[in-house]
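As provided, input-v8.tsv (TSV, C-alpha atoms) reads as follows.
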```tsv
chain	number	residue	atom	x	y	z
A	1	MET	CA	103.56	115.59	100.83
A	2	SER	CA	106.59	116.62	98.72
A	3	ARG	CA	108.45	117.64	101.89
A	4	GLU	CA	107.67	114.27	103.45
A	5	ILE	CA	108.92	112.41	100.37
A	6	SER	CA	112.07	114.57	100.32
A	7	HIS	CA	112.66	113.80	104.01
A	8	LEU	CA	112.25	110.06	103.41
A	9	SER	CA	114.66	110.17	100.47
A	10	GLY	CA	117.19	112.12	102.53
A	11	THR	CA	116.96	109.57	105.33
A	12	ALA	CA	117.35	106.70	102.87
A	13	ILE	CA	120.40	108.31	101.28
A	14	ALA	CA	121.97	108.81	104.71
A	15	MET	CA	121.30	105.15	105.50
A	16	VAL	CA	122.88	103.84	102.31
A	17	VAL	CA	125.94	106.07	102.80
A	18	ALA	CA	126.25	104.78	106.38
A	19	SER	CA	125.88	101.19	105.16
A	20	ALA	CA	128.71	101.78	102.67
A	21	ALA	CA	130.83	103.01	105.59
A	22	CYS	CA	129.98	99.83	107.51
A	23	PHE	CA	131.03	97.61	104.60
A	24	THR	CA	134.28	99.56	104.28
A	25	ALA	CA	134.89	99.09	108.00
A	26	ILE	CA	134.49	95.32	107.55
A	27	ASP	CA	136.97	95.26	104.66
A	28	THR	CA	139.42	97.37	106.64
A	29	ILE	CA	139.27	95.03	109.66
A	30	VAL	CA	139.60	91.98	107.39
A	31	LYS	CA	142.68	93.44	105.70
A	32	TYR	CA	144.20	94.27	109.10
A	33	LEU	CA	143.52	90.82	110.57
A	34	GLY	CA	144.43	89.06	107.33
A	35	ALA	CA	148.11	89.54	108.09
A	36	ARG	CA	147.80	87.17	111.09
A	37	TYR	CA	144.76	84.94	110.51
A	38	SER	CA	143.48	82.64	107.78
A	39	VAL	CA	140.79	83.70	105.32
A	40	PRO	CA	138.33	80.91	106.36
A	41	MET	CA	138.43	82.22	109.95
A	42	LEU	CA	137.61	85.72	108.75
A	43	VAL	CA	134.72	84.44	106.64
A	44	TRP	CA	133.48	82.39	109.61
A	45	ALA	CA	133.33	85.58	111.70
A	46	ARG	CA	131.67	87.49	108.86
A	47	TRP	CA	128.69	85.13	108.69
A	48	GLY	CA	128.73	83.36	112.04
A	49	VAL	CA	128.18	86.46	114.16
A	50	PRO	CA	125.18	87.74	112.11
A	51	ALA	CA	123.63	84.25	112.19
A	52	LEU	CA	123.97	84.18	115.99
A	53	MET	CA	122.55	87.71	116.28
A	54	MET	CA	119.50	86.81	114.20
A	55	ILE	CA	118.88	83.67	116.24
A	56	VAL	CA	119.05	85.65	119.49
A	57	LEU	CA	117.05	88.68	118.32
A	58	LEU	CA	114.54	87.13	115.90
A	59	GLY	CA	114.43	83.51	117.04
A	60	PRO	CA	112.03	84.05	119.99
A	61	LYS	CA	109.50	85.72	117.65
A	62	MET	CA	109.95	83.90	114.33
A	63	ARG	CA	111.13	80.53	115.70
A	64	TRP	CA	111.22	78.03	112.83
A	65	GLY	CA	109.93	80.76	110.52
A	66	LEU	CA	113.55	81.79	110.02
A	67	LEU	CA	114.04	78.52	108.14
A	68	ARG	CA	110.64	78.28	106.45
A	69	THR	CA	111.11	78.44	102.69
A	70	ALA	CA	109.52	76.95	99.59
A	71	ASN	CA	112.92	76.22	98.05
A	72	PRO	CA	115.47	75.09	100.67
A	73	LYS	CA	117.90	73.71	98.08
A	74	LEU	CA	118.19	77.01	96.26
A	75	GLN	CA	118.53	78.85	99.57
A	76	CYS	CA	121.44	76.59	100.51
A	77	VAL	CA	123.04	77.08	97.10
A	78	ARG	CA	122.81	80.85	97.64
A	79	GLY	CA	124.59	80.43	100.95
A	80	VAL	CA	127.39	78.35	99.40
A	81	VAL	CA	127.85	80.85	96.55
A	82	LEU	CA	128.02	83.82	98.93
A	83	SER	CA	130.53	82.01	101.16
A	84	LEU	CA	132.76	81.32	98.15
A	85	SER	CA	132.44	84.97	97.13
A	86	SER	CA	133.58	86.06	100.59
A	87	LEU	CA	136.51	83.63	100.47
A	88	CYS	CA	137.64	85.10	97.15
A	89	PHE	CA	137.25	88.74	98.13
A	90	PHE	CA	138.82	88.37	101.59
A	91	GLY	CA	141.67	86.48	99.96
A	92	ALA	CA	142.16	89.38	97.54
A	93	LEU	CA	142.16	91.88	100.42
A	94	LYS	CA	145.19	90.16	101.95
A	95	PHE	CA	147.30	91.22	98.96
A	96	LEU	CA	145.58	94.10	97.15
A	97	PRO	CA	145.23	97.72	98.28
A	98	LEU	CA	141.82	98.33	99.82
A	99	ALA	CA	140.57	100.84	97.25
A	100	GLU	CA	141.64	98.80	94.21
A	101	ALA	CA	140.08	95.60	95.60
A	102	THR	CA	136.82	97.46	96.22
A	103	GLY	CA	136.91	98.94	92.72
A	104	LEU	CA	137.29	95.50	91.15
A	105	ASN	CA	134.46	94.20	93.34
A	106	TYR	CA	132.20	96.86	91.83
A	107	SER	CA	132.22	94.93	88.58
A	108	THR	CA	129.37	92.97	90.19
A	109	PRO	CA	126.59	95.21	88.74
A	110	ILE	CA	128.08	94.74	85.28
A	111	LEU	CA	128.00	90.97	85.63
A	112	VAL	CA	124.48	91.06	87.07
A	113	ILE	CA	123.21	92.82	83.94
A	114	LEU	CA	124.87	90.24	81.68
A	115	MET	CA	123.64	87.29	83.76
A	116	ALA	CA	120.11	88.71	83.96
A	117	GLY	CA	120.01	88.80	80.17
A	118	TRP	CA	121.38	85.28	79.78
A	119	PHE	CA	119.67	83.40	82.61
A	120	LEU	CA	116.57	85.45	83.47
A	121	HIS	CA	115.89	86.53	79.88
A	122	GLU	CA	115.62	90.15	80.95
A	123	ARG	CA	115.89	92.72	78.19
A	124	VAL	CA	119.28	94.45	78.18
A	125	THR	CA	118.70	97.97	76.91
A	126	ARG	CA	121.19	100.05	74.96
A	127	SER	CA	121.91	102.17	78.04
A	128	ARG	CA	122.76	99.05	80.04
A	129	TRP	CA	125.09	97.80	77.30
A	130	LEU	CA	126.85	101.18	77.46
A	131	PHE	CA	127.18	100.78	81.23
A	132	VAL	CA	128.65	97.29	80.76
A	133	ALA	CA	131.17	98.65	78.25
A	134	ALA	CA	132.13	101.54	80.53
A	135	GLY	CA	132.46	99.22	83.51
A	136	PHE	CA	134.73	96.93	81.50
A	137	VAL	CA	136.92	99.90	80.57
A	138	GLY	CA	137.07	100.95	84.24
A	139	THR	CA	138.11	97.45	85.28
A	140	ILE	CA	140.87	97.41	82.66
A	141	LEU	CA	142.13	100.78	83.91
A	142	ILE	CA	142.39	99.40	87.46
A	143	LEU	CA	144.08	96.18	86.34
A	144	ARG	CA	146.36	97.79	83.73
A	145	PRO	CA	147.55	94.67	81.86
A	146	GLY	CA	151.28	94.46	82.36
A	147	GLY	CA	151.08	96.54	85.55
A	148	ALA	CA	151.52	95.62	89.20
A	149	MET	CA	147.80	95.07	89.77
A	150	LEU	CA	147.51	92.20	87.33
A	151	HIS	CA	148.22	89.13	89.44
A	152	ALA	CA	146.36	86.25	91.09
A	153	ALA	CA	144.84	88.39	93.85
A	154	SER	CA	143.13	90.57	91.23
A	155	LEU	CA	141.61	87.46	89.69
A	156	PHE	CA	140.33	86.49	93.15
A	157	ALA	CA	138.64	89.90	93.43
A	158	ILE	CA	136.98	89.51	90.02
A	159	GLY	CA	136.01	85.93	90.88
A	160	GLY	CA	134.42	87.18	94.08
A	161	ALA	CA	132.45	89.75	92.07
A	162	ALA	CA	131.27	87.04	89.65
A	163	LEU	CA	130.12	84.84	92.53
A	164	ASN	CA	128.39	87.81	94.16
A	165	ALA	CA	126.58	88.50	90.88
A	166	THR	CA	125.50	84.86	90.79
A	167	PHE	CA	124.21	85.23	94.36
A	168	GLN	CA	122.12	88.25	93.32
A	169	ILE	CA	120.65	86.39	90.34
A	170	LEU	CA	119.67	83.49	92.61
A	171	THR	CA	118.15	85.99	95.04
A	172	ARG	CA	115.94	87.36	92.26
A	173	LYS	CA	114.58	83.86	91.73
A	174	LEU	CA	113.54	83.88	95.41
A	175	ALA	CA	112.09	87.40	95.43
A	176	HIS	CA	108.78	86.09	96.81
A	177	GLU	CA	110.44	84.74	99.99
A	178	ASP	CA	110.42	86.44	103.39
A	179	LEU	CA	113.18	89.05	103.67
A	180	MET	CA	114.50	87.77	107.00
A	181	VAL	CA	114.68	84.25	105.62
A	182	LEU	CA	116.64	85.50	102.62
A	183	ILE	CA	119.14	87.14	104.98
A	184	PHE	CA	119.33	84.30	107.48
A	185	TYR	CA	120.06	81.39	105.12
A	186	PRO	CA	123.36	82.74	103.68
A	187	SER	CA	124.59	83.59	107.19
A	188	LEU	CA	123.64	80.16	108.52
A	189	VAL	CA	125.09	78.23	105.58
A	190	GLY	CA	128.27	80.31	105.58
A	191	SER	CA	128.87	79.87	109.30
A	192	VAL	CA	128.25	76.10	109.13
A	193	LEU	CA	130.57	75.63	106.15
A	194	MET	CA	133.37	77.66	107.69
A	195	THR	CA	132.98	75.86	111.03
A	196	PHE	CA	134.02	72.63	109.30
A	197	THR	CA	137.22	74.33	108.11
A	198	LEU	CA	138.25	75.68	111.52
A	199	PRO	CA	140.12	72.52	112.64
A	200	PHE	CA	142.43	73.00	109.65
A	201	PHE	CA	142.84	76.78	109.74
A	202	ALA	CA	142.17	77.91	113.34
A	203	GLU	CA	144.98	79.67	115.16
A	204	ALA	CA	146.34	78.35	118.42
A	205	SER	CA	146.08	81.68	120.25
A	206	PHE	CA	144.37	85.03	119.84
A	207	VAL	CA	145.10	88.53	121.01
A	208	THR	CA	142.20	89.86	123.08
A	209	SER	CA	141.79	92.93	120.87
A	210	ASP	CA	141.65	90.68	117.82
A	211	ILE	CA	138.76	88.71	119.30
A	212	LEU	CA	136.83	91.97	119.58
A	213	LEU	CA	137.65	92.77	115.97
A	214	PHE	CA	136.42	89.34	114.87
A	215	ALA	CA	133.12	90.06	116.63
A	216	ALA	CA	133.02	93.52	115.06
A	217	ILE	CA	133.27	92.03	111.55
A	218	GLY	CA	129.94	90.26	112.02
A	219	ALA	CA	128.23	92.94	114.10
A	220	ILE	CA	129.12	95.80	111.75
A	221	GLY	CA	128.18	93.61	108.80
A	222	GLY	CA	124.76	92.99	110.33
A	223	LEU	CA	124.29	96.72	110.94
A	224	GLY	CA	125.36	97.53	107.39
A	225	HIS	CA	122.87	95.08	105.87
A	226	PHE	CA	120.09	96.41	108.13
A	227	LEU	CA	120.75	100.01	107.04
A	228	PHE	CA	121.02	98.94	103.40
A	229	ILE	CA	117.68	97.11	103.45
A	230	GLN	CA	115.96	99.95	105.35
A	231	ALA	CA	117.23	102.45	102.80
A	232	PHE	CA	115.78	100.52	99.86
A	233	GLN	CA	112.47	100.15	101.70
A	234	ARG	CA	112.20	103.92	102.26
A	235	ALA	CA	113.02	105.21	98.79
A	236	PRO	CA	113.08	104.01	95.17
A	237	ALA	CA	116.18	102.07	94.21
A	238	SER	CA	116.94	104.52	91.39
A	239	THR	CA	117.10	107.36	93.94
A	240	ILE	CA	119.67	105.82	96.25
A	241	ALA	CA	121.58	103.35	94.06
A	242	PRO	CA	124.13	106.00	92.96
A	243	PHE	CA	125.06	106.58	96.60
A	244	THR	CA	126.18	102.97	97.03
A	245	TYR	CA	129.33	104.06	95.19
A	246	MET	CA	130.29	106.02	98.31
A	247	GLN	CA	132.02	102.80	99.33
A	248	LEU	CA	134.70	103.61	96.75
A	249	VAL	CA	135.27	106.93	98.52
A	250	TRP	CA	135.32	105.36	102.00
A	251	SER	CA	137.69	102.60	100.91
A	252	THR	CA	140.06	105.10	99.30
A	253	LEU	CA	140.17	107.17	102.49
A	254	ALA	CA	140.56	104.10	104.73
A	255	GLY	CA	143.34	102.67	102.59
A	256	TRP	CA	145.18	105.97	102.64
A	257	LEU	CA	144.71	106.83	106.34
A	258	ILE	CA	145.17	103.35	107.84
A	259	PHE	CA	147.42	101.48	105.41
A	260	GLY	CA	149.19	104.41	103.74
A	261	ALA	CA	148.15	103.24	100.25
A	262	PHE	CA	146.59	105.77	97.91
A	263	PRO	CA	145.45	104.68	94.41
A	264	ASP	CA	147.50	105.90	91.47
A	265	ALA	CA	146.02	107.94	88.63
A	266	TRP	CA	145.08	104.87	86.56
A	267	ALA	CA	143.21	103.20	89.43
A	268	LEU	CA	141.42	106.45	90.32
A	269	ALA	CA	140.40	106.87	86.68
A	270	GLY	CA	139.07	103.30	86.56
A	271	MET	CA	137.05	103.70	89.76
A	272	SER	CA	135.70	107.04	88.50
A	273	VAL	CA	134.57	105.46	85.22
A	274	ILE	CA	132.79	102.61	87.04
A	275	ALA	CA	131.10	104.92	89.56
A	276	SER	CA	130.09	107.66	87.11
A	277	SER	CA	128.68	105.19	84.57
A	278	GLY	CA	126.65	103.49	87.33
A	279	MET	CA	125.26	106.81	88.55
A	280	LEU	CA	124.42	107.94	85.01
A	281	LEU	CA	122.62	104.65	84.33
A	282	ALA	CA	120.60	104.97	87.55
A	283	GLY	CA	119.67	108.56	86.73
A	284	TYR	CA	118.74	107.74	83.15
A	285	GLU	CA	116.56	104.77	84.10
A	286	ARG	CA	114.86	106.85	86.78
A	287	TRP	CA	114.07	109.48	84.14
A	288	ARG	CA	112.77	106.83	81.74
A	289	ALA	CA	110.63	105.29	84.47
A	290	GLY	CA	109.13	108.68	85.28
A	291	LEU	CA	108.48	109.34	81.59
A	292	SER	CA	106.78	105.96	81.16
A	293	SER	CA	104.60	106.39	84.24
A	294	GLY	CA	103.61	109.86	83.07
A	295	ASN	CA	102.59	108.55	79.65
A	296	ALA	CA	100.67	105.70	81.26
A	297	ALA	CA	98.82	108.16	83.47
A	298	ASN	CA	97.90	110.30	80.49
A	299	GLU	CA	96.69	107.28	78.55
A	300	SER	CA	94.55	106.06	81.44
A	301	ARG	CA	92.97	109.48	82.15
A	302	PRO	CA	89.42	109.72	80.77
A	303	SER	CA	89.20	112.15	77.84
A	304	ALA	CA	86.99	115.18	77.93
A	305	MET	CA	83.49	114.72	76.56
A	306	ILE	CA	81.42	117.24	74.67
A	307	VAL	CA	78.10	117.86	76.38
A	308	ALA	CA	75.23	119.39	74.41
A	309	ILE	CA	72.17	120.79	76.23
A	310	PRO	CA	70.13	122.77	73.69
A	311	GLY	CA	68.89	126.05	75.05
A	312	SER	CA	70.97	125.87	78.19
A	313	GLY	CA	73.30	128.55	79.45
A	314	VAL	CA	76.51	127.32	81.03
A	315	MET	CA	77.70	129.76	83.62
A	316	GLU	CA	81.08	128.23	84.46
A	317	ILE	CA	83.08	125.00	84.61
A	318	ALA	CA	85.40	124.26	87.53
A	319	SER	CA	88.30	121.76	87.44
A	320	GLN	CA	90.73	121.34	90.38
A	321	GLY	CA	89.85	124.81	91.66
A	322	TYR	CA	90.26	126.62	88.32
A	323	ARG	CA	87.27	128.18	86.52
A	324	ARG	CA	86.85	128.82	82.82
A	325	GLY	CA	84.10	130.25	80.70
A	326	VAL	CA	82.54	128.32	77.83
A	327	SER	CA	80.09	128.85	75.00
A	328	PRO	CA	76.38	128.38	75.81
A	329	GLY	CA	74.80	125.11	74.81
A	330	ILE	CA	77.88	123.06	73.89
A	331	PHE	CA	80.91	122.68	76.15
A	332	PRO	CA	83.82	120.27	76.83
A	333	PHE	CA	83.38	118.45	80.11
A	334	GLY	CA	86.42	116.64	81.57
A	335	ALA	CA	86.54	113.94	84.24
A	336	GLY	CA	86.22	115.36	87.73
A	337	GLU	CA	84.90	118.72	86.52
A	338	THR	CA	81.72	120.41	87.69
A	339	ALA	CA	79.50	122.68	85.62
A	340	MET	CA	76.89	125.22	86.65
A	341	VAL	CA	74.10	124.91	84.08
A	342	SER	CA	71.01	127.10	83.84
A	343	TYR	CA	68.20	125.23	82.07
A	344	GLY	CA	64.57	126.28	82.02
A	345	ALA	CA	62.94	127.73	85.11
A	346	GLY	CA	64.58	127.69	88.50
A	347	PRO	CA	68.10	128.25	89.76
A	348	PRO	CA	71.24	126.96	87.92
A	349	ARG	CA	71.98	123.27	88.40
A	350	THR	CA	75.36	121.72	89.14
A	351	ILE	CA	76.35	118.64	87.16
A	352	VAL	CA	79.44	116.55	87.88
A	353	ARG	CA	81.29	114.07	85.65
A	354	THR	CA	82.51	111.22	87.84
A	355	ASP	CA	84.00	108.63	85.44
```
The structure in this file should be written as structure tokens.
Amino acid sequence: MSREISHLSGTAIAMVVASAACFTAIDTIVKYLGARYSVPMLVWARWGVPALMMIVLLGPKMRWGLLRTANPKLQCVRGVVLSLSSLCFFGALKFLPLAEATGLNYSTPILVILMAGWFLHERVTRSRWLFVAAGFVGTILILRPGGAMLHAASLFAIGGAALNATFQILTRKLAHEDLMVLIFYPSLVGSVLMTFTLPFFAEASFVTSDILLFAAIGAIGGLGHFLFIQAFQRAPASTIAPFTYMQLVWSTLAGWLIFGAFPDAWALAGMSVIASSGMLLAGYERWRAGLSSGNAANESRPSAMIVAIPGSGVMEIASQGYRRGVSPGIFPFGAGETAMVSYGAGPPRTIVRTD
């Protein structure tokens, strides 16, 4: 069983690392195409292609089930918020180095913790406050007030992170909804909204290779989300959450190899602070969860009872394959244990505690 669990965790980790590579590939293509095309067109490709793929692949089976929801207004609001987040982040990618923009976008978990406390009334523990503080320090290191990174594009990146955090809070309110519906609505709403902007931002002509890249934005995005969801379905979130920070590594490599931009020492320090604090928080909360579940198990386990059979001779007690000797007549008898008891005439009798 332990080998099977280890295999599943290894597969989930590989999936989340691959999904991080997919998301980096999207950002890299967006930055490359952003020099020639408008941001609304890039966002339209990001959500339009996945929406079309889901209609083609899932539509014949789910039909109108893709749209069936108990809260259509909130679903649409989620879609609008995510589209605005994409507009902000893609706009930032046009001007910021890839790694630095990704680092600023990783302030999303910090904002989610704060928003969860304010709007969902979730308890913010001391460890989470420390993570928020560390994340804030990491963001400041990347921005470096007075440095070259502090300009409007950086604010767009932080605004995109804030909108993405809002999207995640809204998603928590719809946690009871079907997973495919939760994925489909943002793609549908985003593609519809951006379609209305195309007459104002569409280019007159396209290079053939660019058309393929536009399609790749949506297709790779769909693959990345599929791998990401599969990973979290195969292993506990606390096990694989630290590996989501691999996107910082992928974006640093992509920015260096493709665009010739490598983060300076301050930016690397900021990204390291954000990533390490996130991984430490995930590890600590996993440890706390294991400790709590262990205590709960101990509290729920039936306590041993003392059994008294005057004149009897207890030969042995067996528990989970282990045998121990006891004193005749009075002996502790735990749940699930068996005892060989000799009492009066006849062979020894076996008694079992089943509660």
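Between Glu100 in chain A and the residues A:Pro236, A:Pro186, A:Gly79, A:Gly138, the shortest atom-to-atom distance, using all atoms listed in the file, involves A:Gly138.
Across the model, the gap from CA of Ala282 in chain A to CA of Pro242 in chain A is 6.5 Å.
Between CA of Thr195 in chain A and CA of Ser209 in chain A the interatomic distance comes to 21.6 Å.
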Non-local contacts of Ala269 in chain A (10 Å; all atoms listed in the file; under 6 positions in same chain excluded) as a ChimeraX atom specification: /A:137-139,141-142,263,275
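Pairwise distance (CA of Lys31 in chain A, CA of Leu248 in chain A) equals 15.7 Å.
Of the listed residues (A:Ala116, A:Ile158, A:Ile110, A:Met41), A:Met41 comes nearest to Pro199 in chain A; the distances count all atoms listed in the file.
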Which residues, protein or nucleic acid, reach to within 10 Å of (142.4, 94.3, 106.5) in the file's coordinates when using all atoms listed in the file, and can you give that as a ChimeraX atom specification? /A:24-35,90,93-98,255,258-259
Write out as a ChimeraX atom specification which residues come within 6 Å of Ala235 in chain A when counting all atoms listed in the file, dropping same-chain ones fewer than 2 positions away. /A:9,232-233
Set the distance at 10 Å and use all atoms listed in the file: which residues neighbour Ile183 in chain A once local chain neighbours fewer than 2 positions away are removed? I'd like the list as JSON, numbers by chain. {"A": [50, 51, 54, 66, 75, 79, 178, 179, 180, 181, 185, 186, 187, 188, 222, 225, 226]}
Within-12 Å shell of (126.6, 79.3, 98.5) in input frame, all atoms listed in the file, as a PDB file with C-alpha atoms, keeping the file's coordinate frame:
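Saved as point-v2.pdb:
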```
ATOM      1  CA  TRP A  47     128.690  85.130 108.690  1.00  0.00           C
ATOM      2  CA  LYS A  73     117.900  73.710  98.080  1.00  0.00           C
ATOM      3  CA  LEU A  74     118.190  77.010  96.260  1.00  0.00           C
ATOM      4  CA  GLN A  75     118.530  78.850  99.570  1.00  0.00           C
ATOM      5  CA  CYS A  76     121.440  76.590 100.510  1.00  0.00           C
ATOM      6  CA  VAL A  77     123.040  77.080  97.100  1.00  0.00           C
ATOM      7  CA  ARG A  78     122.810  80.850  97.640  1.00  0.00           C
ATOM      8  CA  GLY A  79     124.590  80.430 100.950  1.00  0.00           C
ATOM      9  CA  VAL A  80     127.390  78.350  99.400  1.00  0.00           C
ATOM     10  CA  VAL A  81     127.850  80.850  96.550  1.00  0.00           C
ATOM     11  CA  LEU A  82     128.020  83.820  98.930  1.00  0.00           C
ATOM     12  CA  SER A  83     130.530  82.010 101.160  1.00  0.00           C
ATOM     13  CA  LEU A  84     132.760  81.320  98.150  1.00  0.00           C
ATOM     14  CA  SER A  85     132.440  84.970  97.130  1.00  0.00           C
ATOM     15  CA  SER A  86     133.580  86.060 100.590  1.00  0.00           C
ATOM     16  CA  LEU A  87     136.510  83.630 100.470  1.00  0.00           C
ATOM     17  CA  GLY A 160     134.420  87.180  94.080  1.00  0.00           C
ATOM     18  CA  LEU A 163     130.120  84.840  92.530  1.00  0.00           C
ATOM     19  CA  ASN A 164     128.390  87.810  94.160  1.00  0.00           C
ATOM     20  CA  ALA A 165     126.580  88.500  90.880  1.00  0.00           C
ATOM     21  CA  THR A 166     125.500  84.860  90.790  1.00  0.00           C
ATOM     22  CA  PHE A 167     124.210  85.230  94.360  1.00  0.00           C
ATOM     23  CA  GLN A 168     122.120  88.250  93.320  1.00  0.00           C
ATOM     24  CA  LEU A 170     119.670  83.490  92.610  1.00  0.00           C
ATOM     25  CA  THR A 171     118.150  85.990  95.040  1.00  0.00           C
ATOM     26  CA  TYR A 185     120.060  81.390 105.120  1.00  0.00           C
ATOM     27  CA  PRO A 186     123.360  82.740 103.680  1.00  0.00           C
ATOM     28  CA  SER A 187     124.590  83.590 107.190  1.00  0.00           C
ATOM     29  CA  LEU A 188     123.640  80.160 108.520  1.00  0.00           C
ATOM     30  CA  VAL A 189     125.090  78.230 105.580  1.00  0.00           C
ATOM     31  CA  GLY A 190     128.270  80.310 105.580  1.00  0.00           C
ATOM     32  CA  SER A 191     128.870  79.870 109.300  1.00  0.00           C
ATOM     33  CA  VAL A 192     128.250  76.100 109.130  1.00  0.00           C
ATOM     34  CA  LEU A 193     130.570  75.630 106.150  1.00  0.00           C
ATOM     35  CA  MET A 194     133.370  77.660 107.690  1.00  0.00           C
TER      36      MET A 194
END
```
Just the residues within 9 Å of Ala241 in chain A, please, counting all atoms listed in the file, with nothing from its chain fewer than 3 positions along; format it as number ranges by chain. A: 13, 16, 232, 236-238, 244-245, 278-279, 282
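Of the residues under consideration (A:Gly59, A:Thr102, A:Ala202, A:Gly224), A:Ala202 shows the shortest atom-to-atom contact distance to Val39 in chain A when counting all atoms listed in the file.
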Who sits within 9 Å of Leu111 in chain A, only C-alpha atoms, same chain under 3 positions skipped, as an NGL selection string: :A and (107-108 or 114-116 or 132 or 161-162 or 165-166)
Nearest candidate to Arg46 in chain A (options A:Phe23, A:Ile113, A:Ser277, A:Ala175; using all atoms listed in the file): A:Phe23
Would you compute an axis-aligned box for range 88-102 of chain A, covering every atom listed for it in the file with 4 Å of margin on each side, and report centre and edge lengths in Å to one decimal as JSON?
```
{"center_x": 142.1, "center_y": 93.0, "center_z": 98.1, "size_x": 18.5, "size_y": 23.7, "size_z": 15.7}
```
Generate the coordinates of N, CA and C atoms for range 177-195 of chain A; report them as a compact mmCIF listing (two decimals), in the coordinates of the input.
```
# COMPACT_ATOMS: atom_id res chain seq x y z
N GLU A 177 110.19 85.26 98.65
CA GLU A 177 110.44 84.74 99.99
C GLU A 177 110.49 85.86 101.02
N ASP A 178 110.33 85.48 102.29
CA ASP A 178 110.42 86.44 103.39
C ASP A 178 111.83 87.03 103.46
N LEU A 179 111.89 88.35 103.68
CA LEU A 179 113.18 89.05 103.67
C LEU A 179 114.13 88.51 104.72
N MET A 180 113.64 88.26 105.93
CA MET A 180 114.50 87.77 107.00
C MET A 180 115.04 86.38 106.70
N VAL A 181 114.23 85.58 106.01
CA VAL A 181 114.68 84.25 105.62
C VAL A 181 115.79 84.35 104.58
N LEU A 182 115.62 85.29 103.65
CA LEU A 182 116.64 85.50 102.62
C LEU A 182 117.97 85.93 103.23
N ILE A 183 117.91 86.69 104.32
CA ILE A 183 119.14 87.14 104.98
C ILE A 183 119.73 86.04 105.85
N PHE A 184 118.86 85.27 106.50
CA PHE A 184 119.33 84.30 107.48
C PHE A 184 120.04 83.10 106.83
N TYR A 185 119.49 82.60 105.73
CA TYR A 185 120.06 81.39 105.12
C TYR A 185 121.53 81.55 104.72
N PRO A 186 121.93 82.62 104.02
CA PRO A 186 123.36 82.74 103.68
C PRO A 186 124.26 82.81 104.92
N SER A 187 123.79 83.50 105.96
CA SER A 187 124.59 83.59 107.19
C SER A 187 124.73 82.22 107.84
N LEU A 188 123.61 81.49 107.90
CA LEU A 188 123.64 80.16 108.52
C LEU A 188 124.52 79.20 107.74
N VAL A 189 124.32 79.15 106.42
CA VAL A 189 125.09 78.23 105.58
C VAL A 189 126.58 78.59 105.62
N GLY A 190 126.87 79.88 105.55
CA GLY A 190 128.27 80.31 105.58
C GLY A 190 128.95 79.95 106.88
N SER A 191 128.26 80.17 108.00
CA SER A 191 128.87 79.87 109.30
C SER A 191 129.07 78.37 109.48
N VAL A 192 128.11 77.56 109.01
CA VAL A 192 128.25 76.10 109.13
C VAL A 192 129.41 75.60 108.28
N LEU A 193 129.49 76.06 107.04
CA LEU A 193 130.57 75.63 106.15
C LEU A 193 131.93 75.99 106.72
N MET A 194 132.07 77.22 107.18
CA MET A 194 133.37 77.66 107.69
C MET A 194 133.71 76.99 109.01
N THR A 195 132.70 76.57 109.78
CA THR A 195 132.98 75.86 111.03
C THR A 195 133.71 74.55 110.75
```
